[in-house]
Every structure is written in structure tokens, then in C-alpha cells.
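Structure, as C-alpha cells:
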Amino acid sequence: MQPGASLNLLEVVGLLVGGLALFLYGLDCMTGGLKAIAGARLQSLLGTLTASRWRGVLAGAGITALLNSSTITTVLLVGFVSAGLMTLAQSIPVIMGANIGSTLTVQIIAFNISAITPFLLALGFLLHGFARRELLRQLGGVLLGLGLLFLGIEFMGNATRPLRNFEPFIAAMQDMRNPLLGIVIGAIFTAIVQSSAATLAIVIALGSQGLIPLESGIALILGANVGTCGTALLAAIGKNAEATQVGIVHLLFNVLGVLFFAFVIPQFADLVRMVSPSAPELTGAARLAAETPRQAANAHTIFSVFSTAILIWFTGPIGRLAQRIAPATRKTLHDPGVPRYLDDTLLDMPALGIARVQLELASLGKQVQGLVERGADIAVRGTAQDVVDIAGQDKAAESLSTAILGYIGQLSDGNDSEDESHQMVDLTRIAATLDAIREVATTSMLALSQRRLSQGAATDRLDRLRNADTLTFATAVIAQLESAVNTVIHPDIDAVARIVAAKPALEAMAGAARQGIMAELHLRSPDDVANFRLANDMIEHLNEIARLSRAIVQATAALRDVRLDDAAAVPSATKDPMKETP
């Protein structure tokens, strides 16, 4: 287009918006495939978070590189801190590492590989649509997303090509050398599209046409690092103060880095030019087009690495500043009926969602254990008011169980992995088994209490039945339930084998308890017969809880693929542990 010629604004805007849409969709496809491929490895990476600040940086960089999004990593951290799984101090190095990991995508898109874009699209489509193996299908999604990403950049480059000779646009790009203007524009645009990679892609597209000087590109890059904090701050809304502090730490880290670089952009640009490939044989816009894309990517990487290397030593002050900005209020009691660990941001990452379900099931298990202990006591000694009081605890446990099962269902909707599908079935079995134990504690045992109250059975007489044998049996059953609940998070072959092998010993304890009751009562009167029935029914209910506890460990064994020497001890994939023969 010659100077002074009219600009087809509709065509430029159409290509630019369409290219951005393709880029964002390709980025989403690539991220989805990477999450599915890397999901099983994320839990082990997350296990390194508390080791040291530098390992936290590496973990944050690794997770972000795998997920292809620092925003997702930061939102995950908001969920972890909100659930009490991490402290704010532990999250800070991970946030810093996430900024480094996000530079990988920008480095990839800075390479001009438009020649192989059709092959990426073709191969990605074939693998994603026709491959039989799940891994190959997900890999196809990554390649397809990568191809769409480069195609989107090509569209944006074609859209901006007519602007090479459009004086108003050239003047605007020169004005953007003003760092404040560039930073503000970059931050606003990134906050709108919720992707700093998209902002960098536009910088690269403009640079590939020789339309933007490096100094202006750096200003936009700095703004993008501030704008990307918006999603994490939004994710913290409605959560506790500690979660809000994670979003603030992310913002503080980027703002502090931007404040430093904003005053040295010309010197920073010179450094970037020094370490980046150059094309001295070219001049003017042609040289800008050849050099700027790689320089923009390198500027982003240097900014993230340098900021982390400096600010990593100030994690304490940054954390304290975030706590002052969003101070924690006086802690209130957590509603036991409301999930503490389930996080909707993990619904499309089943590997992490499954780990959260296990934590929530363990919490439900503790509540159920408390109901068993309380229900057994009320059955023998409780009043009518005690029966009413425990109903609130039962309702809370039922609500939590319903939330867990609903979350598992949502995880299943977004899951394509056969292994994870089997795990979700096992998690459902555990939840159903805990529900069954809750029913025994709050329905069957409380029915005994109501029978006792209606019959006017003497409490002191029943107390005499709580001899050493019955107490030993009841204590052993509750201890086995506690151990079974612990295996939901920490299953191992010894714990599973020990609980399953305890069945004969518990049956012997139940027999000894019955003999002790017979010796005490002699069944010489109708009251003795009524008390015997109450005590015998209590033993049967405890036997049922012991059986269900074994069902829990059998399900957790299948969940973690634990194998026992005794093949009968662990059910097969088709055997329901809820149907164990007593």
C-alpha cells in the first residue's frame, strides 16, 4: 500500500481478530492435550513444592511449561492455599517459577516455522481423530493446537502487513516507546483476553512485519506480565484471605519487576539485541522483521529469569506485604458439610482432581468415625435429646458425601483416560461405603437407642454389659475404621493386608463379647432378654462396620493398584467390595 492510500479497515480487523481467535483456540487445544499427557506427573511435581525455595521455582516452571499457562498454575495455588494444603510462603517461589515456565510458549512461537504449519495441522488431525492409543490422541491435540497457533500468528501477520505504510499506525508505534503507554495497553489487552501469550503473539506478529521497534515491544511485554495477574485475583474472590494473598503476591512480583525494567527499557533493549540473533545484512523494516520476534521472546525470558533471581531473596517481605494488603480475619469454624478440598479449577485435570477427592474422602471418613463413636455411646446411654443433636452431624456428613459424589461425576464428564475412569469408580465405592457406615451409626444404632428408651431399659444395667470383652471389640472395630480411612490417602500393602487379615480376630472378639453378655444376663427375665437383644444387635452393627471397613481398604487397594499375596484379599476390577461375604 502506497503512502496516502486508503486502508481497508474491515479486512485488517477481520484478519486480526480471526487470527487472534485461531491463536487462542490453538493455545487451548495445546494446553488441553498437555494437561492430559502431563496430568499423572503433576502430583509428583507438586510434591517438591515445600522442599526449598529453588525447588519451588523449578516446580512452578515445570508445571507451567507442562500446562502451558502461568495463570492456571497460579489459580491452582489459590486453591491449594485456600484448602490449607500449602502456606503462602510455600507458594511464592512457585509463582516466580511459573513466570519462567510461561516463556517456553513464547520462545516456540517466535520461531518462523510457517512452512511446516500445514504438516502440523494434518498430523495433529490424523492422530487426534483416528489414533487408538489415548496418548497418541492427546499428542495429536497438542500438534493440532500448535498448528492452529502458528496459523493464527500468520493471519495476524497478514492483517498487519498493510500497516507498513500507514502513517498513523507507524506514528502510534513510535509513540509507544513511552513505557507507561505501552505498559498500560499491554496490561489492559492481556486482562481482557486472559492470555499473556496472546499479547506476545501480537508483538511477534507486528515485529515480523517490521512494524514495531523492540523498545515498544518490551513495554507491551511488561504490561502483559501485569495484566496476566487479573485471572488469579478473580479466582481468589470468595475464598479466604490466604487465597487472596496468593493473587496479590503474583501481582506484587510482576509489578516490582516491571517497575525496575520500566526505567531501563533502552538499556534492556540493547542487552536483548546483544544476546539475540541479528541480521546486519538487512536494513530498515526488513531488519526489524527478521530480528524483532526472537528479541521479543528473549526479552520476556530475561525479564522473568532476572526478576526471579532478584526477588527470590525477598519472599518474606513480599509475603508480609501481601498479608498486610489482605489481612486474615479471625478464623471461623469450617462448616463440616461444605467441601474443603474440592476445586472446580481442577475439573479438567482429573489427576489432580482425584487427589483432592481422596483428601475430601478422608475428611468425610473422620466425620463418619466420630458418628460411629457417638452413635455407639448414645445407643447405650443417650437421651432423646442426644438423638436429636446427632442428627445435625449426620446431615453435615450426608451433605459432604453428596458434594463428593457430584464432584466425581463432574470429573468423569471431562475424563478420557481409562485408568482414571477406574480410579473414579473406586472413589465412588469408597464414598458409598462411608455412606453405608454412616447409615449404620445414625440409623441402625440410634434405632437401638429409641428401642431402649421406649422399653424403659435401665441404663445402669446396660452399662454393666460394657465389660472388658465388649469394650475390646468396639475399640478394635473403631481403630480398624480409622486405619481404613487413613489408607484412602496413604494406601500401602502392609496396611491393607493387616486390616483384611484382622477379620478372624474381630470375629473371635465378637464371640467373646457375646459370651460375656450371656454370663452377665443369664436371660432370666424379660428385661434381661430385651437387654440381650439390644447388646447383640449392637455387636452385629459393629460387625457390619468392620466388614465395611475392609471394603474401604479393598477399594483403596484397587485405587492405587496395591496387590496382596492373597489374591482373595483384594477384589478384582469387576468385584464390588460392598458385597463382601460376611
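FYI, nothing fancy with the C-alpha cells labels: chains A, B, ... in order, residues from 1 per chain, ligands from 1 as they appear.
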DSSP says helix (DSSP H, G or I) for which residues of segment 68-162 of chain A? Put them as a ChimeraX atom specification?
/A:70-82,88-101,103-109,114-130,134-162
Just the residues within 12 Å of segment 488-499 of chain A, please, counting only C-alpha atoms, with nothing from its chain fewer than 5 positions along; format it as a ChimeraX atom specification.
/A:354-366,423,426-431,434,476-483,504-506,546-570
Shell around segment 287-298 of chain A at 8 Å using only C-alpha atoms, local window under 5 positions removed, as a list of chain:residue names:
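So, after excluding close chain neighbours, the residues are A:Thr103, A:Val106, A:Gln107, A:Ala110, A:Phe111, A:Leu200, A:Val203, A:Ile204, A:Ala205, A:Gly207, A:Ser208, A:Gln209, A:Gly210, A:Leu211, A:Ile212, A:Pro213, A:Leu214, A:Gly217, A:Ile218, A:Ile221, A:Val272, A:Arg273, A:Ser276, A:Pro277, A:Ser278, A:Ala279, A:Pro280, A:Leu282.
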Write the residues of the preceding selection, restricted to N, CA, C and O atoms, as an mmCIF file, in the first residue's frame.
```cif
data_model
loop_
_atom_site.group_PDB
_atom_site.id
_atom_site.type_symbol
_atom_site.label_atom_id
_atom_site.label_comp_id
_atom_site.auth_asym_id
_atom_site.auth_seq_id
_atom_site.Cartn_x
_atom_site.Cartn_y
_atom_site.Cartn_z
ATOM 1 N N THR A 103 7.494 -18.628 29.629
ATOM 2 C CA THR A 103 8.287 -18.114 28.500
ATOM 3 C C THR A 103 8.525 -19.179 27.437
ATOM 4 O O THR A 103 8.909 -18.851 26.305
ATOM 5 N N VAL A 106 6.281 -18.706 24.375
ATOM 6 C CA VAL A 106 6.688 -17.539 23.586
ATOM 7 C C VAL A 106 7.940 -17.858 22.773
ATOM 8 O O VAL A 106 8.067 -17.446 21.618
ATOM 9 N N GLN A 107 8.865 -18.589 23.359
ATOM 10 C CA GLN A 107 10.065 -18.973 22.620
ATOM 11 C C GLN A 107 9.704 -19.845 21.415
ATOM 12 O O GLN A 107 10.291 -19.721 20.343
ATOM 13 N N ALA A 110 8.065 -17.757 18.604
ATOM 14 C CA ALA A 110 8.949 -16.764 17.983
ATOM 15 C C ALA A 110 9.694 -17.333 16.785
ATOM 16 O O ALA A 110 10.197 -16.577 15.951
ATOM 17 N N PHE A 111 9.754 -18.662 16.681
ATOM 18 C CA PHE A 111 10.416 -19.258 15.518
ATOM 19 C C PHE A 111 9.470 -19.200 14.319
ATOM 20 O O PHE A 111 8.274 -19.499 14.432
ATOM 21 N N LEU A 200 1.928 -11.407 23.545
ATOM 22 C CA LEU A 200 3.253 -11.633 22.956
ATOM 23 C C LEU A 200 3.145 -12.051 21.497
ATOM 24 O O LEU A 200 3.995 -11.688 20.669
ATOM 25 N N VAL A 203 2.730 -8.971 19.493
ATOM 26 C CA VAL A 203 4.023 -8.282 19.398
ATOM 27 C C VAL A 203 4.894 -8.959 18.342
ATOM 28 O O VAL A 203 5.536 -8.293 17.515
ATOM 29 N N ILE A 204 4.910 -10.279 18.344
ATOM 30 C CA ILE A 204 5.727 -11.025 17.377
ATOM 31 C C ILE A 204 5.183 -10.842 15.964
ATOM 32 O O ILE A 204 5.948 -10.687 14.992
ATOM 33 N N ALA A 205 3.841 -10.832 15.839
ATOM 34 C CA ALA A 205 3.251 -10.631 14.506
ATOM 35 C C ALA A 205 3.597 -9.249 13.963
ATOM 36 O O ALA A 205 3.948 -9.096 12.786
ATOM 37 N N GLY A 207 6.170 -7.465 14.916
ATOM 38 C CA GLY A 207 7.612 -7.462 14.679
ATOM 39 C C GLY A 207 7.981 -8.162 13.397
ATOM 40 O O GLY A 207 8.922 -7.746 12.695
ATOM 41 N N SER A 208 7.253 -9.232 13.054
ATOM 42 C CA SER A 208 7.570 -9.972 11.830
ATOM 43 C C SER A 208 7.279 -9.155 10.574
ATOM 44 O O SER A 208 7.743 -9.498 9.486
ATOM 45 N N GLN A 209 6.504 -8.074 10.727
ATOM 46 C CA GLN A 209 6.248 -7.176 9.603
ATOM 47 C C GLN A 209 7.083 -5.908 9.694
ATOM 48 O O GLN A 209 6.908 -4.990 8.894
ATOM 49 N N GLY A 210 7.973 -5.840 10.675
ATOM 50 C CA GLY A 210 8.813 -4.672 10.843
ATOM 51 C C GLY A 210 8.053 -3.441 11.291
ATOM 52 O O GLY A 210 8.456 -2.309 11.018
ATOM 53 N N LEU A 211 6.938 -3.664 12.028
ATOM 54 C CA LEU A 211 6.055 -2.554 12.385
ATOM 55 C C LEU A 211 6.273 -2.029 13.801
ATOM 56 O O LEU A 211 5.697 -0.993 14.151
ATOM 57 N N ILE A 212 7.043 -2.718 14.599
ATOM 58 C CA ILE A 212 7.171 -2.298 15.989
ATOM 59 C C ILE A 212 8.636 -2.375 16.406
ATOM 60 O O ILE A 212 9.295 -3.399 16.213
ATOM 61 N N PRO A 213 9.172 -1.303 16.968
ATOM 62 C CA PRO A 213 10.554 -1.362 17.465
ATOM 63 C C PRO A 213 10.613 -2.176 18.750
ATOM 64 O O PRO A 213 9.607 -2.345 19.454
ATOM 65 N N LEU A 214 11.776 -2.685 19.071
ATOM 66 C CA LEU A 214 11.930 -3.550 20.230
ATOM 67 C C LEU A 214 11.515 -2.839 21.519
ATOM 68 O O LEU A 214 10.908 -3.447 22.406
ATOM 69 N N GLY A 217 7.906 -3.030 21.900
ATOM 70 C CA GLY A 217 7.543 -4.410 22.206
ATOM 71 C C GLY A 217 7.813 -4.758 23.648
ATOM 72 O O GLY A 217 7.009 -5.444 24.302
ATOM 73 N N ILE A 218 8.939 -4.292 24.193
ATOM 74 C CA ILE A 218 9.265 -4.574 25.596
ATOM 75 C C ILE A 218 8.232 -3.942 26.521
ATOM 76 O O ILE A 218 7.807 -4.550 27.517
ATOM 77 N N ILE A 221 5.285 -6.103 26.534
ATOM 78 C CA ILE A 221 5.593 -7.333 27.268
ATOM 79 C C ILE A 221 5.509 -7.095 28.768
ATOM 80 O O ILE A 221 4.946 -7.914 29.523
ATOM 81 N N VAL A 272 19.199 -7.150 25.079
ATOM 82 C CA VAL A 272 18.477 -8.181 24.330
ATOM 83 C C VAL A 272 19.034 -8.304 22.914
ATOM 84 O O VAL A 272 19.209 -9.411 22.394
ATOM 85 N N ARG A 273 19.315 -7.187 22.289
ATOM 86 C CA ARG A 273 19.895 -7.230 20.938
ATOM 87 C C ARG A 273 21.252 -7.927 20.945
ATOM 88 O O ARG A 273 21.610 -8.638 20.001
ATOM 89 N N SER A 276 20.686 -11.762 21.178
ATOM 90 C CA SER A 276 19.759 -12.357 20.211
ATOM 91 C C SER A 276 20.393 -12.405 18.828
ATOM 92 O O SER A 276 21.295 -11.622 18.518
ATOM 93 N N PRO A 277 19.908 -13.313 17.973
ATOM 94 C CA PRO A 277 20.417 -13.371 16.585
ATOM 95 C C PRO A 277 20.151 -12.052 15.858
ATOM 96 O O PRO A 277 19.115 -11.413 16.067
ATOM 97 N N SER A 278 21.078 -11.631 15.018
ATOM 98 C CA SER A 278 20.942 -10.371 14.289
ATOM 99 C C SER A 278 21.021 -10.626 12.784
ATOM 100 O O SER A 278 21.465 -11.683 12.333
ATOM 101 N N ALA A 279 20.557 -9.625 12.047
ATOM 102 C CA ALA A 279 20.603 -9.709 10.578
ATOM 103 C C ALA A 279 21.190 -8.419 10.035
ATOM 104 O O ALA A 279 20.483 -7.576 9.471
ATOM 105 N N PRO A 280 22.502 -8.217 10.201
ATOM 106 C CA PRO A 280 23.123 -6.947 9.803
ATOM 107 C C PRO A 280 23.086 -6.702 8.303
ATOM 108 O O PRO A 280 23.259 -5.566 7.850
ATOM 109 N N LEU A 282 20.564 -6.784 6.514
ATOM 110 C CA LEU A 282 19.300 -6.146 6.170
ATOM 111 C C LEU A 282 19.238 -4.752 6.779
ATOM 112 O O LEU A 282 19.991 -4.419 7.699
#
```
From the set A:Ala232, A:Leu222, A:Val368, A:Asp537, which residue has the shortest atom-to-atom contact distance to Ala484 of chain A, counting only C-alpha atoms?
A:Val368
Applying 10 Å and only C-alpha atoms, which residues near Asp394 of chain A remain after dropping the ones on its own chain fewer than 6 positions away? List them as a PDB file with all heavy atoms, in the first residue's frame.
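Result saved to out20.pdb:
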```
ATOM      1  N   GLY A 337     -20.196 -29.703  56.554  1.00  0.00           N
ATOM      2  CA  GLY A 337     -20.951 -30.174  55.407  1.00  0.00           C
ATOM      3  C   GLY A 337     -20.506 -29.575  54.090  1.00  0.00           C
ATOM      4  O   GLY A 337     -20.988 -29.974  53.028  1.00  0.00           O
ATOM      5  N   GLN A 367     -15.377 -37.711  59.917  1.00  0.00           N
ATOM      6  CA  GLN A 367     -16.716 -37.391  60.414  1.00  0.00           C
ATOM      7  C   GLN A 367     -17.513 -38.666  60.690  1.00  0.00           C
ATOM      8  O   GLN A 367     -18.209 -38.764  61.714  1.00  0.00           O
ATOM      9  CB  GLN A 367     -17.463 -36.516  59.400  1.00  0.00           C
ATOM     10  CG  GLN A 367     -16.911 -35.121  59.242  1.00  0.00           C
ATOM     11  CD  GLN A 367     -17.798 -34.257  58.357  1.00  0.00           C
ATOM     12  OE1 GLN A 367     -19.014 -34.328  58.425  1.00  0.00           O
ATOM     13  NE2 GLN A 367     -17.172 -33.434  57.510  1.00  0.00           N
ATOM     14  N   VAL A 368     -17.418 -39.620  59.774  1.00  0.00           N
ATOM     15  CA  VAL A 368     -18.143 -40.881  59.948  1.00  0.00           C
ATOM     16  C   VAL A 368     -17.632 -41.625  61.180  1.00  0.00           C
ATOM     17  O   VAL A 368     -18.414 -42.198  61.941  1.00  0.00           O
ATOM     18  CB  VAL A 368     -18.011 -41.743  58.681  1.00  0.00           C
ATOM     19  CG1 VAL A 368     -18.532 -43.163  58.929  1.00  0.00           C
ATOM     20  CG2 VAL A 368     -18.762 -41.104  57.521  1.00  0.00           C
ATOM     21  N   LEU A 371     -19.198 -40.158  64.110  1.00  0.00           N
ATOM     22  CA  LEU A 371     -20.597 -40.572  64.226  1.00  0.00           C
ATOM     23  C   LEU A 371     -20.717 -41.978  64.793  1.00  0.00           C
ATOM     24  O   LEU A 371     -21.633 -42.275  65.567  1.00  0.00           O
ATOM     25  CB  LEU A 371     -21.268 -40.498  62.846  1.00  0.00           C
ATOM     26  CG  LEU A 371     -21.567 -39.089  62.306  1.00  0.00           C
ATOM     27  CD1 LEU A 371     -22.025 -39.163  60.849  1.00  0.00           C
ATOM     28  CD2 LEU A 371     -22.621 -38.389  63.156  1.00  0.00           C
ATOM     29  N   LEU A 400     -21.725 -33.544  52.732  1.00  0.00           N
ATOM     30  CA  LEU A 400     -20.360 -33.659  52.210  1.00  0.00           C
ATOM     31  C   LEU A 400     -20.251 -34.833  51.244  1.00  0.00           C
ATOM     32  O   LEU A 400     -19.614 -34.729  50.185  1.00  0.00           O
ATOM     33  CB  LEU A 400     -19.369 -33.815  53.365  1.00  0.00           C
ATOM     34  CG  LEU A 400     -17.890 -33.874  52.974  1.00  0.00           C
ATOM     35  CD1 LEU A 400     -17.479 -32.628  52.215  1.00  0.00           C
ATOM     36  CD2 LEU A 400     -17.016 -34.049  54.221  1.00  0.00           C
ATOM     37  N   ARG A 438     -22.100 -44.611  57.768  1.00  0.00           N
ATOM     38  CA  ARG A 438     -22.849 -43.508  58.393  1.00  0.00           C
ATOM     39  C   ARG A 438     -24.279 -43.936  58.688  1.00  0.00           C
ATOM     40  O   ARG A 438     -24.838 -43.613  59.752  1.00  0.00           O
ATOM     41  CB  ARG A 438     -22.836 -42.299  57.459  1.00  0.00           C
ATOM     42  CG  ARG A 438     -23.600 -41.098  57.976  1.00  0.00           C
ATOM     43  CD  ARG A 438     -23.602 -39.975  56.946  1.00  0.00           C
ATOM     44  NE  ARG A 438     -24.211 -40.376  55.694  1.00  0.00           N
ATOM     45  CZ  ARG A 438     -25.527 -40.429  55.479  1.00  0.00           C
ATOM     46  NH1 ARG A 438     -26.366 -40.115  56.457  1.00  0.00           N
ATOM     47  NH2 ARG A 438     -26.004 -40.807  54.319  1.00  0.00           N
ATOM     48  N   GLU A 439     -24.902 -44.692  57.775  1.00  0.00           N
ATOM     49  CA  GLU A 439     -26.270 -45.167  57.985  1.00  0.00           C
ATOM     50  C   GLU A 439     -26.341 -46.111  59.179  1.00  0.00           C
ATOM     51  O   GLU A 439     -27.286 -46.069  59.966  1.00  0.00           O
ATOM     52  CB  GLU A 439     -26.771 -45.877  56.725  1.00  0.00           C
ATOM     53  CG  GLU A 439     -27.053 -44.953  55.553  1.00  0.00           C
ATOM     54  CD  GLU A 439     -28.320 -44.138  55.761  1.00  0.00           C
ATOM     55  OE1 GLU A 439     -29.148 -44.518  56.615  1.00  0.00           O
ATOM     56  OE2 GLU A 439     -28.477 -43.107  55.094  1.00  0.00           O
ATOM     57  N   ALA A 441     -24.368 -46.042  61.774  1.00  0.00           N
ATOM     58  CA  ALA A 441     -24.150 -45.263  63.000  1.00  0.00           C
ATOM     59  C   ALA A 441     -25.346 -44.395  63.359  1.00  0.00           C
ATOM     60  O   ALA A 441     -25.657 -44.229  64.551  1.00  0.00           O
ATOM     61  CB  ALA A 441     -22.904 -44.389  62.842  1.00  0.00           C
ATOM     62  N   THR A 442     -25.999 -43.832  62.348  1.00  0.00           N
ATOM     63  CA  THR A 442     -27.032 -42.835  62.648  1.00  0.00           C
ATOM     64  C   THR A 442     -28.455 -43.348  62.428  1.00  0.00           C
ATOM     65  O   THR A 442     -29.406 -42.647  62.745  1.00  0.00           O
ATOM     66  CB  THR A 442     -26.832 -41.577  61.776  1.00  0.00           C
ATOM     67  OG1 THR A 442     -26.887 -41.941  60.395  1.00  0.00           O
ATOM     68  CG2 THR A 442     -25.491 -40.950  62.074  1.00  0.00           C
ATOM     69  N   THR A 443     -28.581 -44.532  61.870  1.00  0.00           N
ATOM     70  CA  THR A 443     -29.923 -45.108  61.706  1.00  0.00           C
ATOM     71  C   THR A 443     -30.067 -46.373  62.539  1.00  0.00           C
ATOM     72  O   THR A 443     -30.931 -46.459  63.416  1.00  0.00           O
ATOM     73  CB  THR A 443     -30.201 -45.420  60.222  1.00  0.00           C
ATOM     74  OG1 THR A 443     -30.102 -44.217  59.459  1.00  0.00           O
ATOM     75  CG2 THR A 443     -31.600 -46.007  60.047  1.00  0.00           C
TER      76      THR A 443
END
```
Return the single residue from A:Leu471, A:Ile404, A:Val387, A:Ile183 that is closest to Ala447 of chain A, with distances computed using only C-alpha atoms.
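Checking each of A:Leu471, A:Ile404, A:Val387, A:Ile183 against Ala447 of chain A, counting only C-alpha atoms, the winner is A:Val387.
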Which of these residues is nearest to Phe263 of chain A, using only C-alpha atoms: A:Gly145, A:Gly186, A:Pro336, A:Pro179?
A:Pro179
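The interatomic distance for the pair atom CA of Gly140 of chain A and atom CA of Pro350 of chain A works out to 19.4 Å.
Computed from the coordinates, the atom CA of Leu220 of chain A to atom CA of Leu148 of chain A distance equals 23.5 Å.
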